[in-house]
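Below is one structure, written out as structure tokens; comments come after it.
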Amino acid sequence: MLAYLWALGIILSQFYLLPSGLPQPAHLLFALNFLLLGYFYSLTLTFRSHEERLTALFLLAFCAYAVIANLVWVLVEQNPAFIKASIYWVYGCLMYLFLLPSLRDERVRRAVVTACALSIVALFLFWATGLGRYEVGTRYQGYFNDPNQMAFYVICVFSAFFYLLRGKGSGQLLFVIGVLSVVLVFVTQSRSALLGIGFSLLAAYLRFIDTMAVGSGSRDRILATLIGIMAVPLFLYLLFSLETADIAISRFSGTDVGSQAEIRGYTRLLEFPGYLFLGAGQGLDLRFGTRHEIHSTWVAVLFYYGIAGFAIFMAFIARIFLRLDLPGKIAFLGPVFYGLSTYGARTPIFWVFLAAAAVAVREIRTAPSMTPARELSL
């Protein structure tokens, strides 16, 4: 049952019924999984290696720092606006800590992989058949509240699919899902996602070459490379033939970098440097002349939680990223580049992506050894 709940949560994450910033149905479904896992595992989270455990401890350290920092600002400002961000960080931490050990169960893994593929295919069919919404000009958004939300969902789901898929024919299937993902991101016209999805497609292509060459000679690797060389330009030609291509390109060419930096909150780092050491707390943005939060995952963590919090969080991210193989690192860069200009850490699918990447790290590091690692409890 737990496998189906994880899968259903991923699929339902693309349906937004409430305004952005509020819990959606998928949030509640994932929370139900936390409760069930807590009951079945008696709140004991097991990790297969010291490295995996240490990575989780960095995440817990950041989560504790964020909660304490926001609580301090609640007391300073006499305003509870900071509590909401703390809840989302705790939620994300629980997503990672519960999903990672769950993915050791092959049933959960297969269910999550299937859910990722079905989510991309379903979203593509929604767009192809005219279902979904266009509330921001010609930018398609499916059943999300914003095109950027859809684009981030697609990149994270594809990345999770990339890390968890294995077996015969996985390279070909990965490449197909990668192509569909690129199309979906393209029709959202999200600038940050368009930068990120290129890494996803490149990672899929490299993995396609690797899987084609497994158990065969260099001839199949050369054949796979030639297929990619011919297929990618053709795909790009067809992609840029879409009606939305000119609009998507114009969004890049017409970008006012200075204006975007101010709108997205990057300039706060220069305008309010006094907050950079310990952080400004995540909430009550009216203190800085706007009601909008910073539109960048990485800049937001730096400004809201200071250099100290940023260092802890990036240590957690780096411990996953640096242990991936080359295609894995490239796939990881998709959500990372998206996060440069849009805030996505609040979204559950971001934590699904991180847990899937951590699973890939585990398999890379244990592959050379035939001796099972001793489980460690946190």
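Chain labels A, B, ... are given in the sequence in which chains occur in the structure tokens; within each chain residues are numbered consecutively from 1, and ligands are likewise numbered from 1 in the order shown.
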
With a distance cut-off of 9 Å and only C-alpha atoms, select the neighbouring residues of segment 200-202 of chain A, excluding the residue or stretch itself and same-chain residues fewer than 2 positions from it, and output the selection as a tab-separated table (two decimals) with C-alpha atoms, in the first residue's frame.
```tsv
chain	number	residue	atom	x	y	z
A	155	ILE	CA	12.31	18.63	-14.60
A	158	PHE	CA	12.27	13.41	-15.15
A	159	SER	CA	15.37	13.58	-12.96
A	162	PHE	CA	16.45	9.11	-14.60
A	175	PHE	CA	15.35	9.03	-23.98
A	178	GLY	CA	13.35	12.96	-21.89
A	179	VAL	CA	12.08	14.15	-25.27
A	181	SER	CA	9.88	16.43	-20.95
A	182	VAL	CA	11.70	18.88	-23.19
A	196	GLY	CA	17.70	23.40	-16.96
A	197	ILE	CA	16.00	20.90	-19.26
A	198	GLY	CA	18.94	20.96	-21.66
A	204	ALA	CA	19.39	11.05	-21.02
A	205	TYR	CA	21.47	10.87	-24.19
A	206	LEU	CA	24.62	9.83	-22.29
A	207	ARG	CA	22.73	7.18	-20.34
A	327	PRO	CA	25.35	11.56	-16.41
A	330	ILE	CA	24.39	16.49	-15.51
A	331	ALA	CA	20.81	15.43	-14.71
A	332	PHE	CA	21.17	17.02	-11.27
A	333	LEU	CA	21.99	20.37	-12.87
A	334	GLY	CA	18.50	20.63	-14.39
A	335	PRO	CA	16.67	21.41	-11.13
```

Exercise for the section: Give the answer as one residue: which of A:Trp73, A:Leu286, A:Glu271, A:Arg191 has the shortest atom-to-atom distance to Tyr305 of chain A, using only C-alpha atoms? Expected result: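 The answer is A:Trp73, which sits nearest to Tyr305 of chain A.
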
Practice task
Give the answer as one residue: which of A:Phe15, A:Val187, A:Tyr163, A:Glu363 has the shortest atom-to-atom distance to Gly328 of chain A, using only C-alpha atoms?
Solution key: A:Tyr163

Practice task
Using atom CA of Pro273 of chain A and atom CA of Val299 of chain A as the two end points, give the distance in Å to one decimal.
Solution key: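 For atom CA of Pro273 of chain A relative to atom CA of Val299 of chain A, the distance reads 12.8 Å.
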
Handout entry: Option closest in space to Ile68 of chain A, from A:Phe208, A:Phe353, A:Trp89, A:Trp127 [counting only C-alpha atoms]
Key =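 That would be A:Trp89, the residue with the smallest distance to Ile68 of chain A.
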
Practice task
Find the residues near Leu270 of chain A: any atom within 12 Å, counting only C-alpha atoms, skip ones fewer than 6 places away on the same chain, and give them as number ranges by chain.
Solution key: A: 261-262, 276, 288, 299, 303

Take the residues just selected and output them with N, CA, C and O atoms as a CSV table (one decimal), in the first residue's frame.
```csv
chain,number,residue,atom,x,y,z
A,261,ALA,N,16.4,41.0,-11.9
A,261,ALA,CA,17.2,40.8,-10.6
A,261,ALA,C,16.5,41.5,-9.5
A,261,ALA,O,16.4,41.0,-8.4
A,262,GLU,N,15.9,42.7,-9.7
A,262,GLU,CA,15.2,43.4,-8.7
A,262,GLU,C,13.8,42.7,-8.4
A,262,GLU,O,13.5,42.5,-7.2
A,276,LEU,N,23.2,39.0,5.9
A,276,LEU,CA,23.9,37.9,5.2
A,276,LEU,C,24.5,36.9,6.1
A,276,LEU,O,24.8,35.7,5.7
A,288,PHE,N,11.2,44.5,3.3
A,288,PHE,CA,12.2,44.8,2.2
A,288,PHE,C,11.5,45.5,1.0
A,288,PHE,O,12.0,45.5,-0.1
A,299,VAL,N,19.4,31.8,-3.8
A,299,VAL,CA,19.5,33.1,-3.2
A,299,VAL,C,18.6,33.3,-2.0
A,299,VAL,O,19.0,33.9,-1.0
A,303,PHE,N,19.9,34.5,1.7
A,303,PHE,CA,19.4,35.7,2.3
A,303,PHE,C,18.6,35.4,3.6
A,303,PHE,O,18.8,36.1,4.6
```

Practice task
For atom CA of Gly306 of chain A and atom CA of Phe277 of chain A, determine how far apart the two atoms are, in Å to one decimal place.
Solution key: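 These two atoms are separated by 4.6 Å.
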
Per residue of segment 300-353 of chain A within 12 Å of segment 100-121 of chain A, record the nearest atom pair and its distance in Å to one decimal, counting only C-alpha atoms, with rows in chain order and ascending residue number, as a Markdown table.
```
| residue | atom | partner | partner_atom | distance |
| --- | --- | --- | --- | --- |
| A:Ile349 | CA | A:Cys116 | CA | 10.3 |
| A:Trp351 | CA | A:Leu100 | CA | 9.7 |
| A:Val352 | CA | A:Leu100 | CA | 8.6 |
| A:Phe353 | CA | A:Leu100 | CA | 10.3 |
```

Selected residues, N, CA and C atoms, written as a tab-separated table (two decimals), in the first residue's frame, please.
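Contents of the output file selection-v7.tsv:
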```tsv
chain	number	residue	atom	x	y	z
A	349	ILE	N	7.91	17.63	-4.91
A	349	ILE	CA	8.61	16.90	-5.97
A	349	ILE	C	10.11	17.20	-5.96
A	351	TRP	N	11.91	17.26	-3.31
A	351	TRP	CA	12.49	16.32	-2.35
A	351	TRP	C	12.44	14.89	-2.88
A	352	VAL	N	11.47	14.60	-3.74
A	352	VAL	CA	11.46	13.31	-4.43
A	352	VAL	C	12.70	13.20	-5.32
A	353	PHE	N	12.99	14.28	-6.03
A	353	PHE	CA	14.19	14.32	-6.88
A	353	PHE	C	15.46	14.11	-6.06
```

Practice task
Skip segment 17-20 of chain A itself and residues of its chain fewer than 5 positions away, then list as a PyMOL selection string all residues within 9 Å of it, counting only C-alpha atoms.
Solution key: chain A and resi 25+143-146

Take the residues just selected and output them with all heavy atoms as a PDB file, in the first residue's frame.
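Contents of again30.pdb, freshly written:
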```
ATOM      1  N   PRO A  25      -3.635  18.623  -2.344  1.00  0.00           N
ATOM      2  CA  PRO A  25      -4.004  17.243  -1.984  1.00  0.00           C
ATOM      3  C   PRO A  25      -2.814  16.290  -1.910  1.00  0.00           C
ATOM      4  O   PRO A  25      -2.757  15.427  -1.029  1.00  0.00           O
ATOM      5  CB  PRO A  25      -4.964  16.847  -3.114  1.00  0.00           C
ATOM      6  CG  PRO A  25      -5.596  18.136  -3.530  1.00  0.00           C
ATOM      7  CD  PRO A  25      -4.516  19.165  -3.405  1.00  0.00           C
ATOM      8  N   TYR A 143      -2.507  21.677 -15.073  1.00  0.00           N
ATOM      9  CA  TYR A 143      -3.429  21.967 -13.977  1.00  0.00           C
ATOM     10  C   TYR A 143      -2.695  22.565 -12.778  1.00  0.00           C
ATOM     11  O   TYR A 143      -3.155  22.460 -11.640  1.00  0.00           O
ATOM     12  CB  TYR A 143      -4.184  20.700 -13.585  1.00  0.00           C
ATOM     13  CG  TYR A 143      -5.131  20.250 -14.677  1.00  0.00           C
ATOM     14  CD1 TYR A 143      -4.750  19.266 -15.589  1.00  0.00           C
ATOM     15  CD2 TYR A 143      -6.374  20.844 -14.828  1.00  0.00           C
ATOM     16  CE1 TYR A 143      -5.604  18.870 -16.607  1.00  0.00           C
ATOM     17  CE2 TYR A 143      -7.236  20.458 -15.847  1.00  0.00           C
ATOM     18  CZ  TYR A 143      -6.842  19.471 -16.731  1.00  0.00           C
ATOM     19  OH  TYR A 143      -7.688  19.095 -17.746  1.00  0.00           O
ATOM     20  N   PHE A 144      -1.553  23.189 -13.074  1.00  0.00           N
ATOM     21  CA  PHE A 144      -0.821  23.931 -12.054  1.00  0.00           C
ATOM     22  C   PHE A 144      -1.367  25.353 -11.985  1.00  0.00           C
ATOM     23  O   PHE A 144      -2.122  25.789 -12.853  1.00  0.00           O
ATOM     24  CB  PHE A 144       0.674  23.961 -12.392  1.00  0.00           C
ATOM     25  CG  PHE A 144       1.355  22.620 -12.321  1.00  0.00           C
ATOM     26  CD1 PHE A 144       1.312  21.743 -13.399  1.00  0.00           C
ATOM     27  CD2 PHE A 144       2.032  22.230 -11.179  1.00  0.00           C
ATOM     28  CE1 PHE A 144       1.933  20.507 -13.344  1.00  0.00           C
ATOM     29  CE2 PHE A 144       2.655  20.999 -11.108  1.00  0.00           C
ATOM     30  CZ  PHE A 144       2.605  20.134 -12.190  1.00  0.00           C
ATOM     31  N   ASN A 145      -0.941  26.079 -10.975  1.00  0.00           N
ATOM     32  CA  ASN A 145      -1.363  27.477 -10.851  1.00  0.00           C
ATOM     33  C   ASN A 145      -0.494  28.423 -11.661  1.00  0.00           C
ATOM     34  O   ASN A 145      -0.843  29.595 -11.821  1.00  0.00           O
ATOM     35  CB  ASN A 145      -1.331  27.910  -9.377  1.00  0.00           C
ATOM     36  CG  ASN A 145      -2.432  27.257  -8.565  1.00  0.00           C
ATOM     37  OD1 ASN A 145      -3.449  26.828  -9.104  1.00  0.00           O
ATOM     38  ND2 ASN A 145      -2.229  27.159  -7.262  1.00  0.00           N
ATOM     39  N   ASP A 146       0.633  27.916 -12.145  1.00  0.00           N
ATOM     40  CA  ASP A 146       1.585  28.781 -12.838  1.00  0.00           C
ATOM     41  C   ASP A 146       2.432  27.921 -13.780  1.00  0.00           C
ATOM     42  O   ASP A 146       2.759  26.777 -13.434  1.00  0.00           O
ATOM     43  CB  ASP A 146       2.481  29.478 -11.803  1.00  0.00           C
ATOM     44  CG  ASP A 146       3.475  30.421 -12.437  1.00  0.00           C
ATOM     45  OD1 ASP A 146       3.125  31.593 -12.638  1.00  0.00           O
ATOM     46  OD2 ASP A 146       4.602  29.981 -12.733  1.00  0.00           O
TER      47      ASP A 146
END
```

Exercise for the section: One decimal, Å: what's the distance from atom CA of Ala280 of chain A over to atom CA of Arg346 of chain A, could you say? Expected result: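 According to the coordinates, atom CA of Ala280 of chain A and atom CA of Arg346 of chain A are separated by 17.8 Å.
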
Practice task
For each of A:Phe58, A:Phe316, A:Tyr153, A:Phe272, take the minimum atom-to-atom distance to Leu12 of chain A, counting only C-alpha atoms, then give the residue where this is smallest.
Solution key: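 Closest residue, counting only C-alpha atoms: A:Tyr153.
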
Practice task
Find, counting only C-alpha atoms, the residue in A:Leu184, A:Leu32, A:Leu59, A:Ala122 that gets nearest to Phe310 of chain A.
Solution key: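 That would be A:Leu59, the residue with the smallest distance to Phe310 of chain A.
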
Problem - Distance criterion (only C-alpha atoms): nearest to Ile364 of chain A out of A:Arg53, A:Leu322, A:Phe161, A:Ala311 - result: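 Checking each of A:Arg53, A:Leu322, A:Phe161, A:Ala311 against Ile364 of chain A, counting only C-alpha atoms, the winner is A:Leu322.
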
Exercise for the section: From a DSSP pass on the backbone, collect the residues of segment 14-173 of chain A flagged as helix (DSSP H, G or I) and hand them back as a PyMOL selection string. Expected result: chain A and resi 25-40+50-77+80-102+106-128+147-164+170-173
